[in-house]
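> I'd like to ask you about the structure that follows.
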Amino acid sequence: MSRPLRTTIVMDNIPSDWIIGIDFNFFNSNSILRGIKLIGQGLHVVHWAQDSSSIRSGYYFNAQEGDVLVMYWDTANETMLIGDEVGEVNIKRHMESLSQYYPYMVGYPNGVSQWLRQVRHLKWNQVEYILPHGRIDSVVTSTDENNLLLKTLQSYSKNKNISNDPIVNSIIDQSDVELKFTLIDLSSQIRPNSSPEQKTKDSLDSSWFVRTLLVTGFNNNEDSLMGEFELAYVNMVIFANYSCSVQWLKIMKVMLNCKELVSERVSLFDKFVSQLYAMFKQFPEEYFTEFVDDSFLETNVGEFDFTVKELGLHALVRKVIDLKQLLSLRFGVVIQGLVEDDEDGPVIVDL
């Protein structure tokens, strides 16, 4: 057959009863499943795990019209081969058999709008940079975490020769697999060589830190910041990846603790709060206590709530009210606000 519509994933030698998925959709494999068809254009992630308690692995790809991606489970090496890794001869064989496979493929499930909503700012070049080879799994760690672990090991081994230590070398040689997130060092939120007044200001307001982060980490591109925020979120939700949850929480913390910058970049914070609402609307309830602490939200969302009300940014006030209501209804997190400024609060009339 000619190349099928949209993008097609051919699956070969996938064991039965594995939990296969694409984006936020999951299903069980069986002996006749040959792949996934009719995948729309844009960013997607296909993922797999032996069962619900196993490490989940995945592969990001940028779907284009007529693309065919081949996946093969290498039983001997217990690894998933994807694309060119499968080999030109095998890819050609699968292409010639597409017409036979097609009836045994599942169509992309409904709900693509939910996926697109969660990656609306994420660009393919960001995925390529942060995730080497497009690979991700439940346990892969970030560059920042690996460097911290390496420093800790080195400090405990000052009097030892660790150049040939296999554990240390395994940490050093992680550039091919580690998550290359932007470094967000929460201990460096106060500008260097600052006056006492500046130190006090920076300890209460993350604006200087986020301004610097936007320039040095994201080339002053707001959508790049948003894209990394989204990638960390979807990897946390799909793969239960701890390192991604840490990056997601760091971005949330510094953004919600900005004050001066909020009035300077209202559109950025409007996008941010809208995205945060969408994230918590879809956040799996079973993951909430694992990755998010009630007090974290009470403190940081509460601080941002105070800021936007104090600045009189009414559109943002409304969005924060909606976010607070969502957190209360879905997760029982009650965030106190300024009742006198709350649009849903009682109106006091002098008689």
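How things are named: the first chain in the structure tokens is A, the next is B, and so on; residues count from 1 in each chain; ligands count from 1 in the order shown.
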Quick one: residues within 12 Å of Gln126 of chain A, only C-alpha atoms, excluding same-chain residues fewer than 3 positions away - as number ranges by chain?
A: 43, 60, 62, 119, 121-123, 129-134, 179-182, 218, 223-232
> Please produce a file of those selected residues containing C-alpha atoms, as a PDB file, in the first residue's frame.

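File written: part-v2.pdb
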ATOM      1  CA  LEU A  43       4.953  16.222  19.117  1.00  0.00           C
ATOM      2  CA  TYR A  60       9.432  11.301  21.644  1.00  0.00           C
ATOM      3  CA  ASN A  62       7.760  14.743  15.714  1.00  0.00           C
ATOM      4  CA  VAL A 119       2.399  20.811  25.181  1.00  0.00           C
ATOM      5  CA  HIS A 121       4.432  25.895  24.015  1.00  0.00           C
ATOM      6  CA  LEU A 122       6.845  22.966  23.686  1.00  0.00           C
ATOM      7  CA  LYS A 123       8.983  22.938  20.529  1.00  0.00           C
ATOM      8  CA  TYR A 129      18.108  19.163  23.482  1.00  0.00           C
ATOM      9  CA  ILE A 130      16.657  18.123  26.843  1.00  0.00           C
ATOM     10  CA  LEU A 131      16.097  14.454  25.944  1.00  0.00           C
ATOM     11  CA  PRO A 132      19.115  12.968  24.124  1.00  0.00           C
ATOM     12  CA  HIS A 133      17.884  10.669  21.334  1.00  0.00           C
ATOM     13  CA  GLY A 134      14.290  11.428  22.374  1.00  0.00           C
ATOM     14  CA  LEU A 179      17.983  15.192  31.214  1.00  0.00           C
ATOM     15  CA  LYS A 180      19.475  18.513  30.165  1.00  0.00           C
ATOM     16  CA  PHE A 181      17.088  20.788  32.017  1.00  0.00           C
ATOM     17  CA  THR A 182      17.956  24.426  32.604  1.00  0.00           C
ATOM     18  CA  PHE A 218      15.974  30.587  27.821  1.00  0.00           C
ATOM     19  CA  ASP A 223       7.738  30.202  25.372  1.00  0.00           C
ATOM     20  CA  SER A 224      10.982  28.290  25.973  1.00  0.00           C
ATOM     21  CA  LEU A 225      10.426  28.601  29.709  1.00  0.00           C
ATOM     22  CA  MET A 226       6.832  27.487  29.279  1.00  0.00           C
ATOM     23  CA  GLY A 227       7.912  24.606  27.033  1.00  0.00           C
ATOM     24  CA  GLU A 228      10.360  23.244  29.604  1.00  0.00           C
ATOM     25  CA  PHE A 229       7.683  23.602  32.277  1.00  0.00           C
ATOM     26  CA  GLU A 230       5.336  21.522  30.108  1.00  0.00           C
ATOM     27  CA  LEU A 231       7.910  18.849  29.254  1.00  0.00           C
ATOM     28  CA  ALA A 232       8.737  18.381  32.934  1.00  0.00           C
TER      29      ALA A 232
END
> Quick one: residues within 10 Å of Gln336 of chain A, only C-alpha atoms counted, chain neighbours fewer than 4 positions away excluded, as a short mmCIF file (atom, residue, chain, number, x, y, z; two decimals) with N, CA and C atoms, in the first residue's frame?

data_model
loop_
_atom_site.label_atom_id
_atom_site.label_comp_id
_atom_site.auth_asym_id
_atom_site.auth_seq_id
_atom_site.Cartn_x
_atom_site.Cartn_y
_atom_site.Cartn_z
N GLU A 298 -0.12 25.82 49.26
CA GLU A 298 -0.70 26.84 50.14
C GLU A 298 0.20 28.06 50.23
N THR A 299 1.50 27.82 50.35
CA THR A 299 2.46 28.93 50.48
C THR A 299 2.64 29.69 49.18
N VAL A 301 1.06 29.40 45.94
CA VAL A 301 -0.13 29.94 45.27
C VAL A 301 -0.72 31.07 46.11
N GLY A 302 -0.69 30.89 47.44
CA GLY A 302 -1.18 31.95 48.32
C GLY A 302 -0.39 33.24 48.15
N GLU A 303 0.92 33.13 47.99
CA GLU A 303 1.78 34.31 47.80
C GLU A 303 1.45 35.01 46.48
N ASP A 305 -1.36 34.79 44.84
CA ASP A 305 -2.71 35.33 45.00
C ASP A 305 -2.65 36.72 45.62
N PHE A 306 -1.86 36.86 46.66
CA PHE A 306 -1.68 38.17 47.32
C PHE A 306 -1.09 39.19 46.35
N LYS A 324 -7.48 28.21 42.57
CA LYS A 324 -7.69 27.87 43.98
C LYS A 324 -8.93 26.99 44.15
#
> According to DSSP computed on the backbone, where in segment 300-337 of chain A is there helix (DSSP H, G or I)? Give the residues as a PyMOL selection string.
chain A and resi 300-311+314-331
> Could you check how far atom CA of Gln282 of chain A sits from atom CA of Trp124 of chain A, in Å to one decimal?
22.7 Å
> Given the choices A:Trp73, A:Trp208, A:Trp115, A:Tyr101, which gets closest to Met279 of chain A if the distance is worked out from only C-alpha atoms?
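Ranked by minimum distance to Met279 of chain A, first place goes to A:Trp115.
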